[in-house]
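As provided, start25.cif (mmCIF, C-alpha atoms (C1' of nucleotides)) reads as follows.
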data_my_file
#
loop_
_atom_site.label_atom_id
_atom_site.label_comp_id
_atom_site.auth_asym_id
_atom_site.auth_seq_id
_atom_site.Cartn_x
_atom_site.Cartn_y
_atom_site.Cartn_z
CA MET U 34 54.13 130.68 75.29
CA GLU U 35 54.44 134.34 76.06
CA THR U 36 55.57 137.05 73.72
CA THR U 37 58.05 139.61 74.88
CA THR U 38 55.75 142.33 76.14
CA ASP U 39 52.27 141.14 77.13
CA THR U 40 53.07 140.58 80.78
CA GLN U 41 51.33 142.54 83.50
CA TRP U 42 54.16 143.28 85.95
CA LEU U 43 53.71 143.49 89.69
CA GLY U 44 53.24 146.91 91.21
CA GLU U 45 55.56 148.30 93.86
CA SER U 46 53.40 147.19 96.76
CA GLN U 47 52.50 143.83 95.30
CA GLN U 48 56.16 143.17 94.92
CA ARG U 49 56.79 144.08 98.52
CA VAL U 50 54.12 141.63 99.63
CA TRP U 51 55.50 138.88 97.44
CA ARG U 52 59.02 139.34 98.74
CA SER U 53 57.83 139.32 102.32
CA PHE U 54 55.98 136.14 101.59
CA LEU U 55 59.06 134.52 100.10
CA GLY U 56 61.27 135.63 102.97
CA ALA U 57 58.78 134.65 105.63
CA THR U 58 58.24 131.15 104.32
CA THR U 59 61.97 130.62 103.91
CA LEU U 60 62.76 131.73 107.44
CA LEU U 61 59.74 130.04 108.97
CA MET U 62 60.23 126.63 107.41
CA ASP U 63 63.97 126.69 108.03
CA ARG U 64 63.43 127.54 111.63
CA LEU U 65 60.72 124.99 112.35
CA ASP U 66 62.81 122.34 110.65
CA ARG U 67 65.93 123.23 112.57
CA ASP U 68 64.11 123.29 115.90
CA LEU U 69 62.69 119.82 115.29
CA ARG U 70 66.01 118.40 114.16
CA ASN U 71 67.98 119.78 117.05
CA ALA U 72 65.51 118.70 119.70
CA HIS U 73 64.17 115.44 118.28
CA ASP U 74 66.22 114.42 115.25
CA LEU U 75 63.15 114.79 113.05
CA SER U 76 62.64 116.85 109.89
CA MET U 77 59.48 118.80 109.11
CA PRO U 78 58.39 116.40 106.35
CA GLU U 79 58.95 113.50 108.71
CA TYR U 80 56.96 115.25 111.40
CA GLU U 81 54.06 115.94 109.06
CA ILE U 82 53.87 112.28 108.26
CA LEU U 83 53.83 111.28 111.91
CA VAL U 84 51.00 113.69 112.59
CA ARG U 85 48.84 112.32 109.79
CA LEU U 86 49.50 108.75 110.81
CA SER U 87 48.71 109.42 114.44
CA GLU U 88 45.32 110.87 113.52
CA SER U 89 44.33 107.98 111.37
CA PRO U 90 42.47 104.81 112.37
CA ASP U 91 45.03 102.10 113.20
CA ARG U 92 47.68 104.79 112.93
CA SER U 93 48.16 103.73 109.34
CA ILE U 94 47.64 105.29 105.93
CA ARG U 95 48.32 104.11 102.44
CA MET U 96 51.30 105.62 100.71
CA ALA U 97 49.39 107.42 97.96
CA GLU U 98 46.88 108.86 100.40
CA LEU U 99 49.70 110.06 102.61
CA ALA U 100 51.36 111.73 99.65
CA ALA U 101 48.11 113.48 98.73
CA GLN U 102 47.51 114.70 102.27
CA ILE U 103 50.85 116.41 102.66
CA MET U 104 51.22 117.40 99.00
CA HIS U 105 54.41 115.49 98.38
CA SER U 106 55.23 113.29 95.42
CA ARG U 107 54.81 109.55 95.85
CA SER U 108 58.50 109.12 95.34
CA ARG U 109 59.31 111.55 98.08
CA VAL U 110 57.03 109.77 100.51
CA THR U 111 58.64 106.45 99.65
CA HIS U 112 62.07 107.82 100.54
CA THR U 113 60.88 109.53 103.69
CA ILE U 114 59.08 106.42 104.92
CA THR U 115 62.20 104.37 104.22
CA ARG U 116 64.21 106.65 106.50
CA LEU U 117 61.52 106.60 109.18
CA GLU U 118 61.44 102.83 108.98
CA ARG U 119 65.18 102.67 109.60
CA LYS U 120 64.67 104.73 112.73
CA GLY U 121 61.98 102.35 113.96
CA ILE U 122 59.34 105.06 113.90
CA VAL U 123 57.18 103.59 111.21
CA LEU U 124 56.79 100.28 109.48
CA ARG U 125 55.39 99.07 106.17
CA GLU U 126 52.53 96.63 105.79
CA GLN U 127 50.96 95.00 102.78
CA ALA U 128 47.52 96.43 102.27
CA ALA U 129 44.80 93.82 102.33
CA SER U 130 42.46 94.11 99.34
CA ASP U 131 45.02 95.58 96.98
CA GLY U 132 48.09 93.62 96.01
CA ARG U 133 50.04 96.77 95.18
CA GLY U 134 48.99 98.68 98.25
CA VAL U 135 51.41 99.49 101.02
CA THR U 136 50.34 101.16 104.23
CA ALA U 137 52.66 102.95 106.58
CA VAL U 138 52.02 102.26 110.26
CA LEU U 139 53.19 104.35 113.19
CA THR U 140 54.99 102.26 115.81
CA ASP U 141 54.59 102.80 119.54
CA HIS U 142 58.06 104.24 119.64
CA GLY U 143 57.14 106.53 116.76
CA PHE U 144 54.09 107.70 118.65
CA SER U 145 56.11 108.60 121.70
CA VAL U 146 58.63 110.47 119.57
CA LEU U 147 55.73 112.42 118.10
CA GLU U 148 54.29 113.19 121.51
CA ARG U 149 57.52 114.88 122.49
CA ALA U 150 58.18 116.58 119.16
CA ALA U 151 54.71 118.08 119.01
CA HIS U 152 55.52 120.48 121.84
CA THR U 153 58.48 121.90 120.02
CA HIS U 154 56.60 122.22 116.77
CA VAL U 155 53.43 123.79 118.10
CA ASN U 156 55.33 126.25 120.25
CA GLY U 157 57.25 127.23 117.15
CA VAL U 158 54.18 127.70 115.00
CA ARG U 159 52.62 129.83 117.73
CA ALA U 160 55.63 131.98 118.37
CA TYR U 161 56.74 132.48 114.78
CA LEU U 162 53.41 132.74 112.99
CA VAL U 163 50.21 132.72 115.02
CA GLU U 164 51.31 135.40 117.46
CA THR U 165 52.29 137.78 114.70
CA ALA U 166 48.71 138.07 113.49
CA SER U 167 45.41 139.10 115.03
CA PRO U 168 42.70 136.43 114.90
CA GLU U 169 41.05 138.29 112.02
CA GLU U 170 44.27 138.54 110.07
CA PHE U 171 44.97 134.91 110.72
CA ASP U 172 41.58 133.96 109.30
CA VAL U 173 42.26 135.96 106.17
CA LEU U 174 45.57 134.18 105.83
CA GLY U 175 43.77 130.87 106.08
CA GLN U 176 41.19 131.76 103.48
CA VAL U 177 43.74 132.91 100.96
CA MET U 178 45.97 129.89 101.50
CA ALA U 179 43.01 127.53 101.17
CA ARG U 180 42.14 129.11 97.84
CA VAL U 181 45.71 128.76 96.65
CA VAL U 182 45.62 125.09 97.51
CA SER U 183 42.34 124.33 95.79
CA HIS U 184 43.44 126.28 92.76
CA LEU U 185 46.80 124.54 92.45
CA ASP U 186 45.93 121.10 93.72
CA VAL U 187 43.91 120.01 90.74
CA ASN U 188 42.51 116.50 91.20
CA GLY U 189 43.74 116.36 94.78
CA THR U 190 46.99 114.81 93.74
CA CYS U 191 50.34 116.47 93.93
CA ALA U 192 53.00 116.66 91.27
CA THR U 193 53.08 113.18 89.80
CA PRO U 194 56.08 113.40 87.47
CA MET L 682 63.10 123.51 127.39
CA GLU L 683 59.55 122.34 127.68
CA THR L 684 58.08 120.02 130.24
CA THR L 685 55.59 117.43 129.14
CA THR L 686 52.35 119.31 129.53
CA ASP L 687 52.67 123.09 129.43
CA THR L 688 52.04 123.45 125.74
CA GLN L 689 49.11 125.45 124.42
CA TRP L 690 47.87 123.34 121.51
CA LEU L 691 46.38 124.79 118.35
CA GLY L 692 42.61 124.99 118.09
CA GLU L 693 40.63 123.31 115.35
CA SER L 694 40.52 126.36 113.14
CA GLN L 695 44.08 127.44 113.79
CA GLN L 696 45.16 124.03 112.73
CA ARG L 697 43.17 124.28 109.53
CA VAL L 698 44.85 127.57 108.72
CA TRP L 699 48.29 126.20 109.45
CA ARG L 700 47.76 123.18 107.24
CA SER L 701 46.47 125.31 104.42
CA PHE L 702 49.54 127.46 104.79
CA LEU L 703 51.83 124.47 104.63
CA GLY L 704 50.05 123.01 101.65
CA ALA L 705 49.85 126.29 99.80
CA THR L 706 53.52 127.11 100.16
CA THR L 707 54.51 123.60 99.14
CA LEU L 708 52.37 123.63 96.02
CA LEU L 709 53.15 127.23 95.16
CA MET L 710 56.92 127.00 95.43
CA ASP L 711 57.01 123.67 93.65
CA ARG L 712 54.96 125.01 90.83
CA LEU L 713 56.85 128.27 90.35
CA ASP L 714 60.10 126.35 90.44
CA ARG L 715 58.94 123.78 87.92
CA ASP L 716 57.60 126.44 85.56
CA LEU L 717 60.92 128.27 85.60
CA ARG L 718 62.96 125.11 85.12
CA ASN L 719 60.89 123.82 82.24
CA ALA L 720 60.79 127.10 80.38
CA HIS L 721 64.19 128.60 81.19
CA ASP L 722 66.35 126.02 82.95
CA LEU L 723 66.43 128.20 86.05
CA SER L 724 65.50 127.38 89.65
CA MET L 725 63.62 129.73 91.95
CA PRO L 726 66.68 130.43 94.11
CA GLU L 727 68.68 131.16 90.98
CA TYR L 728 65.95 133.44 89.72
CA GLU L 729 65.81 135.36 92.99
CA ILE L 730 69.51 136.04 92.74
CA LEU L 731 69.22 137.31 89.19
CA VAL L 732 66.46 139.69 90.20
CA ARG L 733 68.48 141.19 93.05
CA LEU L 734 71.57 141.55 90.90
CA SER L 735 69.65 143.20 88.08
CA GLU L 736 68.27 145.83 90.45
CA SER L 737 71.62 146.70 91.92
CA PRO L 738 74.09 149.36 90.73
CA ASP L 739 76.61 147.73 88.36
CA ARG L 740 74.41 144.65 88.48
CA SER L 741 76.64 143.37 91.25
CA ILE L 742 76.25 142.57 94.94
CA ARG L 743 78.60 141.18 97.51
CA MET L 744 78.02 137.59 98.50
CA ALA L 745 77.06 138.23 102.12
CA GLU L 746 74.67 141.01 101.17
CA LEU L 747 73.06 138.77 98.58
CA ALA L 748 72.63 136.04 101.15
CA ALA L 749 70.98 138.48 103.56
CA GLN L 750 68.59 139.81 100.91
CA ILE L 751 67.18 136.46 99.93
CA MET L 752 67.49 134.88 103.38
CA HIS L 753 69.80 132.09 102.36
CA SER L 754 72.92 130.90 104.13
CA ARG L 755 76.25 132.15 102.81
CA SER L 756 77.18 128.61 101.93
CA ARG L 757 74.05 128.17 99.89
CA VAL L 758 74.70 131.34 97.94
CA THR L 759 78.24 130.21 97.24
CA HIS L 760 76.95 126.99 95.70
CA THR L 761 74.21 128.70 93.73
CA ILE L 762 76.57 131.34 92.34
CA THR L 763 79.01 128.61 91.37
CA ARG L 764 76.32 126.94 89.30
CA LEU L 765 75.23 130.22 87.76
CA GLU L 766 78.83 130.99 86.90
CA ARG L 767 79.14 127.69 85.07
CA LYS L 768 76.12 128.66 83.00
CA GLY L 769 77.71 131.99 82.10
CA ILE L 770 74.92 133.92 83.79
CA VAL L 771 76.99 135.47 86.53
CA LEU L 772 80.65 136.00 87.29
CA ARG L 773 82.73 136.59 90.39
CA GLU L 774 84.90 139.63 91.00
CA GLN L 775 87.30 140.53 93.77
CA ALA L 776 85.80 143.35 95.81
CA ALA L 777 87.99 146.44 95.93
CA SER L 778 88.49 147.72 99.48
CA ASP L 779 88.12 144.37 101.19
CA GLY L 780 90.59 141.62 100.50
CA ARG L 781 88.10 138.93 101.41
CA GLY L 782 85.15 140.39 99.56
CA VAL L 783 83.70 138.78 96.47
CA THR L 784 80.96 140.34 94.42
CA ALA L 785 78.71 138.51 92.01
CA VAL L 786 78.08 140.29 88.73
CA LEU L 787 75.26 139.63 86.29
CA THR L 788 76.53 139.12 82.74
CA ASP L 789 74.74 140.45 79.68
CA HIS L 790 73.69 136.96 78.83
CA GLY L 791 72.41 136.55 82.37
CA PHE L 792 70.39 139.69 82.02
CA SER L 793 68.73 138.50 78.86
CA VAL L 794 67.91 135.16 80.48
CA LEU L 795 66.30 137.07 83.31
CA GLU L 796 64.30 139.25 80.93
CA ARG L 797 62.72 136.17 79.45
CA ALA L 798 62.26 134.26 82.70
CA ALA L 799 60.57 137.18 84.41
CA HIS L 800 57.45 136.77 82.28
CA THR L 801 57.01 133.18 83.33
CA HIS L 802 57.60 133.95 86.97
CA VAL L 803 55.38 137.00 87.27
CA ASN L 804 52.53 135.35 85.40
CA GLY L 805 52.82 132.46 87.83
CA VAL L 806 52.81 134.64 90.92
CA ARG L 807 49.77 136.46 89.60
CA ALA L 808 47.82 133.39 88.62
CA TYR L 809 48.65 131.23 91.62
CA LEU L 810 48.69 133.80 94.42
CA VAL L 811 47.73 137.39 93.64
CA GLU L 812 44.50 136.53 91.85
CA THR L 813 43.28 134.34 94.68
CA ALA L 814 43.07 137.31 97.04
CA SER L 815 41.26 140.64 97.06
CA PRO L 816 43.55 143.67 97.32
CA GLU L 817 42.62 144.03 100.98
CA GLU L 818 43.33 140.40 101.73
CA PHE L 819 46.59 140.65 99.87
CA ASP L 820 47.63 143.60 102.01
CA VAL L 821 46.86 141.68 105.17
CA LEU L 822 48.96 138.84 103.87
CA GLY L 823 51.81 141.25 103.30
CA GLN L 824 51.59 142.75 106.76
CA VAL L 825 51.60 139.42 108.50
CA MET L 826 54.47 138.07 106.41
CA ALA L 827 56.51 141.21 107.01
CA ARG L 828 56.04 140.76 110.75
CA VAL L 829 57.10 137.14 110.54
CA VAL L 830 60.27 138.20 108.76
CA SER L 831 61.21 140.94 111.17
CA HIS L 832 60.49 138.65 114.09
CA LEU L 833 62.56 135.77 112.77
CA ASP L 834 65.28 137.62 110.94
CA VAL L 835 67.09 138.90 113.98
CA ASN L 836 70.10 141.01 113.00
CA GLY L 837 69.16 140.90 109.34
CA THR L 838 71.29 137.88 108.76
CA CYS L 839 70.02 134.46 107.95
CA ALA L 840 70.95 131.19 109.53
CA THR L 841 74.72 131.32 109.85
CA PRO L 842 75.51 127.80 111.02
"C1'" DA I 324 103.51 145.88 116.76
"C1'" DG I 325 101.24 141.38 118.07
"C1'" DC I 326 97.82 138.44 119.27
"C1'" DA I 327 92.69 137.40 119.92
"C1'" DT I 328 88.49 137.63 117.98
"C1'" DG I 329 85.23 138.45 114.29
"C1'" DT I 330 83.79 138.39 109.41
"C1'" DG I 331 83.63 136.83 104.44
"C1'" DG I 332 83.74 133.17 101.62
"C1'" DT I 333 84.67 128.39 100.24
"C1'" DT I 334 84.85 123.35 100.55
"C1'" DG I 335 83.32 118.55 100.77
"C1'" DA I 336 80.66 115.10 102.82
"C1'" DG I 337 76.16 113.60 103.65
"C1'" DC I 338 71.47 114.02 103.43
"C1'" DG I 339 66.94 114.90 101.06
"C1'" DT I 340 64.46 115.82 96.73
"C1'" DT I 341 63.39 115.35 91.94
"C1'" DC I 342 62.96 112.94 87.82
"C1'" DA I 343 62.50 109.26 84.63
"C1'" DA I 344 62.14 104.51 84.22
"C1'" DC I 345 60.25 100.52 85.82
"C1'" DA I 346 57.46 96.32 87.76
"C1'" DA I 347 53.42 94.58 89.66
"C1'" DA I 348 48.72 94.62 90.35
"C1'" DC I 349 44.18 96.42 89.13
"C1'" DT I 350 40.37 97.82 85.68
"C1'" DC I 351 37.64 97.48 81.93
"C1'" DC I 352 36.01 96.59 77.57
"C1'" DG I 353 35.78 93.80 73.31
"C1'" DC B 1483 39.17 85.46 78.79
"C1'" DG B 1484 42.88 88.64 77.31
"C1'" DG B 1485 45.29 92.54 76.33
"C1'" DA B 1486 45.39 97.96 76.60
"C1'" DG B 1487 45.67 101.27 79.72
"C1'" DT B 1488 45.86 103.02 84.55
"C1'" DT B 1489 47.30 103.15 89.32
"C1'" DT B 1490 50.58 102.02 93.04
"C1'" DG B 1491 54.88 101.97 94.78
"C1'" DT B 1492 59.92 101.61 94.24
"C1'" DT B 1493 64.56 102.52 92.45
"C1'" DG B 1494 68.90 104.98 91.43
"C1'" DA B 1495 71.21 108.76 89.57
"C1'" DA B 1496 71.70 113.61 89.56
"C1'" DC B 1497 70.97 117.66 91.73
"C1'" DG B 1498 70.59 121.06 95.60
"C1'" DC B 1499 70.98 122.13 100.46
"C1'" DT B 1500 72.94 121.84 105.19
"C1'" DC B 1501 76.48 121.57 108.29
"C1'" DA B 1502 80.94 121.80 110.21
"C1'" DA B 1503 85.54 122.76 109.25
"C1'" DC B 1504 88.51 125.70 107.30
"C1'" DC B 1505 91.52 129.73 105.30
"C1'" DA B 1506 92.25 134.55 104.55
"C1'" DC B 1507 91.65 139.00 105.68
"C1'" DA B 1508 90.00 142.64 108.98
"C1'" DT B 1509 89.43 144.75 113.47
"C1'" DG B 1510 90.29 145.76 118.12
"C1'" DC B 1511 92.77 145.61 122.42
"C1'" DT B 1512 97.04 146.24 125.11
#

Now, as a test, write the supplied structure out as structure tokens.
Amino acid sequence: METTTDTQWLGESQQRVWRSFLGATTLLMDRLDRDLRNAHDLSMPEYEILVRLSESPDRSIRMAELAAQIMHSRSRVTHTITRLERKGIVLREQAASDGRGVTAVLTDHGFSVLERAAHTHVNGVRAYLVETASPEEFDVLGQVMARVVSHLDVNGTCATP
Amino acid sequence: METTTDTQWLGESQQRVWRSFLGATTLLMDRLDRDLRNAHDLSMPEYEILVRLSESPDRSIRMAELAAQIMHSRSRVTHTITRLERKGIVLREQAASDGRGVTAVLTDHGFSVLERAAHTHVNGVRAYLVETASPEEFDVLGQVMARVVSHLDVNGTCATP
DNA sequence: AGCATGTGGTTGAGCGTTCAACAAACTCCG
DNA sequence: CGGAGTTTGTTGAACGCTCAACCACATGCT
């Protein structure tokens, strides 16, 4: 572990950046989530899943792959898919070729929910994030975030407790 | 609201940035939280509160002010402080001069918990975020995040449902 | 003073997440 | 083949957060 004094503390300005980052992500995620819920009865995690499914051949993805794509635990995806299934937005299918495999499939109803929700979401992302940065700044943001991901997402699989 | 077609979708590269951002924040927050919990039985939200209290005169802040600083709802802060109180890390005091006011106070024990936890947290922030960016990039990050906050945090008060 | 409105803080129910434990199916090597 | 070890997905309890309702005090208007 760490002894009592060998830590390199954050400087004044680094701290300011870090606190802005914390505040911004809190406000941003809360807001996007709330917007989606109010307008379409859909949470952000649910929305992310719909997006991935809709982009995939057959509108279906295996549970583990889905979890990896959105960086959620397998357990979390199980629960989320269960809720989505109850709403008739998604359904489960046995994966051919692997007895354990389960693939989530987007229903037609689910797709139409997504089509409507996407407007709300994208407008939010634009207004709350994209518009606050110049294209150059936005690129920098992307590069840094990508590095954070590849650094933290060892072996492409999220927290598997 | 929005009609069916007037939405300006995100371009290929904007989408990549946005997804990196989502993934990075998910992984980053999860990891910092887990590190703190494993080493010090403290969640990120709890830690944030301790930091603010420790920086404040008398190591005490009023509930609403605390909520505003860390961008959480008043209700959320109430719950978090209740848990911290049970752990003996914080205690509640009636605010003089306002019959309704309650201020949270950091106990000595709480302060010593914070002293130890800070190492873990700061090392994490450095390793997972600061080190992945050049100083210039990090500044850009800070500027953009600060703008997001001031844009979303109208009236300095978080989501008051 | 007296009533309306606003603010500070709490409460409890319900939802969503984590975590640890588990079962079933796959892999691979002796 | 057969059994150890891994991967996939689920489960249920415990925890944390949100939301709406609420009480108590404060403020402002007439």

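Computed from the coordinates, the atom CA of Val123 of chain U to atom CA of Ile94 of chain U distance equals 11.0 Å.
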
- Task: Please determine the contact residues of chain L with respect to chain B at a cut-off of 12 Å, counting all atoms listed in the file, and supply them as an MDAnalysis selection string.
- Result: chainID L and resid 724:727 753:761 764 778:782 840:842

- Message: Once the PyMOL selection byres ((chain U) within 8 of (chain L)) is applied to the coordinates I shared, what remains selected? I want it as a VMD selection string.
- Response: chain U and resid 35 37 40 to 43 49 to 51 53 to 54 56 to 61 103 to 104 149 152 to 153 155 to 156 161 to 162 165 to 166 170 to 182 184 to 186 191

Would you write out those residues with C-alpha atoms, as a PDB file, keeping the file's coordinate frame?
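Saved result, again12.pdb, follows:
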ATOM      1  CA  GLU U  35      54.440 134.340  76.060  1.00  0.00           C
ATOM      2  CA  THR U  37      58.050 139.610  74.880  1.00  0.00           C
ATOM      3  CA  THR U  40      53.070 140.580  80.780  1.00  0.00           C
ATOM      4  CA  GLN U  41      51.330 142.540  83.500  1.00  0.00           C
ATOM      5  CA  TRP U  42      54.160 143.280  85.950  1.00  0.00           C
ATOM      6  CA  LEU U  43      53.710 143.490  89.690  1.00  0.00           C
ATOM      7  CA  ARG U  49      56.790 144.080  98.520  1.00  0.00           C
ATOM      8  CA  VAL U  50      54.120 141.630  99.630  1.00  0.00           C
ATOM      9  CA  TRP U  51      55.500 138.880  97.440  1.00  0.00           C
ATOM     10  CA  SER U  53      57.830 139.320 102.320  1.00  0.00           C
ATOM     11  CA  PHE U  54      55.980 136.140 101.590  1.00  0.00           C
ATOM     12  CA  GLY U  56      61.270 135.630 102.970  1.00  0.00           C
ATOM     13  CA  ALA U  57      58.780 134.650 105.630  1.00  0.00           C
ATOM     14  CA  THR U  58      58.240 131.150 104.320  1.00  0.00           C
ATOM     15  CA  THR U  59      61.970 130.620 103.910  1.00  0.00           C
ATOM     16  CA  LEU U  60      62.760 131.730 107.440  1.00  0.00           C
ATOM     17  CA  LEU U  61      59.740 130.040 108.970  1.00  0.00           C
ATOM     18  CA  ILE U 103      50.850 116.410 102.660  1.00  0.00           C
ATOM     19  CA  MET U 104      51.220 117.400  99.000  1.00  0.00           C
ATOM     20  CA  ARG U 149      57.520 114.880 122.490  1.00  0.00           C
ATOM     21  CA  HIS U 152      55.520 120.480 121.840  1.00  0.00           C
ATOM     22  CA  THR U 153      58.480 121.900 120.020  1.00  0.00           C
ATOM     23  CA  VAL U 155      53.430 123.790 118.100  1.00  0.00           C
ATOM     24  CA  ASN U 156      55.330 126.250 120.250  1.00  0.00           C
ATOM     25  CA  TYR U 161      56.740 132.480 114.780  1.00  0.00           C
ATOM     26  CA  LEU U 162      53.410 132.740 112.990  1.00  0.00           C
ATOM     27  CA  THR U 165      52.290 137.780 114.700  1.00  0.00           C
ATOM     28  CA  ALA U 166      48.710 138.070 113.490  1.00  0.00           C
ATOM     29  CA  GLU U 170      44.270 138.540 110.070  1.00  0.00           C
ATOM     30  CA  PHE U 171      44.970 134.910 110.720  1.00  0.00           C
ATOM     31  CA  ASP U 172      41.580 133.960 109.300  1.00  0.00           C
ATOM     32  CA  VAL U 173      42.260 135.960 106.170  1.00  0.00           C
ATOM     33  CA  LEU U 174      45.570 134.180 105.830  1.00  0.00           C
ATOM     34  CA  GLY U 175      43.770 130.870 106.080  1.00  0.00           C
ATOM     35  CA  GLN U 176      41.190 131.760 103.480  1.00  0.00           C
ATOM     36  CA  VAL U 177      43.740 132.910 100.960  1.00  0.00           C
ATOM     37  CA  MET U 178      45.970 129.890 101.500  1.00  0.00           C
ATOM     38  CA  ALA U 179      43.010 127.530 101.170  1.00  0.00           C
ATOM     39  CA  ARG U 180      42.140 129.110  97.840  1.00  0.00           C
ATOM     40  CA  VAL U 181      45.710 128.760  96.650  1.00  0.00           C
ATOM     41  CA  VAL U 182      45.620 125.090  97.510  1.00  0.00           C
ATOM     42  CA  HIS U 184      43.440 126.280  92.760  1.00  0.00           C
ATOM     43  CA  LEU U 185      46.800 124.540  92.450  1.00  0.00           C
ATOM     44  CA  ASP U 186      45.930 121.100  93.720  1.00  0.00           C
ATOM     45  CA  CYS U 191      50.340 116.470  93.930  1.00  0.00           C
TER      46      CYS U 191
END

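Coordinates place atom C1' of DG337 of chain I at a distance of 26.3 Å from atom CA of Tyr728 of chain L.
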
- Item | d(atom CA of His790 of chain L, atom CA of Ile770 of chain L) in Å |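 Atom CA of Ile770 of chain L lies 5.9 Å from atom CA of His790 of chain L.
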
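Within the file as shown, the PyMOL selection byres ((chain I) within 9 of (chain L)) identifies DG331, DG332 and DT333 of chain I.
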
- Contact residues around Leu124 of chain U with all atoms listed in the file at 9 Å, ignoring same-chain residues under 3 positions, as JSON, numbers by chain: {"U": [114, 115, 117, 118, 119, 121, 136, 137, 138, 139, 140]}

Using the atoms already present, construct N, CA and C atoms for segment 714-727 of chain L and hand them back as an mmCIF file, in the coordinates of the input.
data_model
loop_
_atom_site.group_PDB
_atom_site.id
_atom_site.type_symbol
_atom_site.label_atom_id
_atom_site.label_comp_id
_atom_site.auth_asym_id
_atom_site.auth_seq_id
_atom_site.Cartn_x
_atom_site.Cartn_y
_atom_site.Cartn_z
ATOM 1 N N ASP L 714 58.790 126.909 90.749
ATOM 2 C CA ASP L 714 60.100 126.350 90.440
ATOM 3 C C ASP L 714 60.032 125.521 89.173
ATOM 4 N N ARG L 715 59.060 124.651 89.093
ATOM 5 C CA ARG L 715 58.940 123.780 87.920
ATOM 6 C C ARG L 715 58.727 124.590 86.654
ATOM 7 N N ASP L 716 57.840 125.583 86.730
ATOM 8 C CA ASP L 716 57.600 126.440 85.560
ATOM 9 C C ASP L 716 58.899 127.060 85.062
ATOM 10 N N LEU L 717 59.665 127.616 85.986
ATOM 11 C CA LEU L 717 60.920 128.270 85.600
ATOM 12 C C LEU L 717 61.909 127.273 84.989
ATOM 13 N N ARG L 718 62.035 126.130 85.616
ATOM 14 C CA ARG L 718 62.960 125.110 85.120
ATOM 15 C C ARG L 718 62.571 124.668 83.719
ATOM 16 N N ASN L 719 61.318 124.328 83.541
ATOM 17 C CA ASN L 719 60.890 123.820 82.240
ATOM 18 C C ASN L 719 61.089 124.846 81.142
ATOM 19 N N ALA L 720 60.760 126.093 81.443
ATOM 20 C CA ALA L 720 60.790 127.100 80.380
ATOM 21 C C ALA L 720 62.165 127.742 80.211
ATOM 22 N N HIS L 721 62.953 127.829 81.297
ATOM 23 C CA HIS L 721 64.190 128.600 81.190
ATOM 24 C C HIS L 721 65.387 127.955 81.882
ATOM 25 N N ASP L 722 65.243 126.719 82.303
ATOM 26 C CA ASP L 722 66.350 126.020 82.950
ATOM 27 C C ASP L 722 66.926 126.820 84.117
ATOM 28 N N LEU L 723 66.033 127.335 84.940
ATOM 29 C CA LEU L 723 66.430 128.200 86.050
ATOM 30 C C LEU L 723 65.615 127.800 87.271
ATOM 31 N N SER L 724 66.261 127.687 88.437
ATOM 32 C CA SER L 724 65.500 127.380 89.650
ATOM 33 C C SER L 724 65.027 128.669 90.300
ATOM 34 N N MET L 725 64.095 128.562 91.228
ATOM 35 C CA MET L 725 63.620 129.730 91.950
ATOM 36 C C MET L 725 64.757 130.464 92.661
ATOM 37 N N PRO L 726 65.569 129.752 93.453
ATOM 38 C CA PRO L 726 66.680 130.430 94.110
ATOM 39 C C PRO L 726 67.579 131.155 93.114
ATOM 40 N N GLU L 727 67.868 130.510 91.999
ATOM 41 C CA GLU L 727 68.680 131.160 90.980
ATOM 42 C C GLU L 727 67.990 132.421 90.488
#
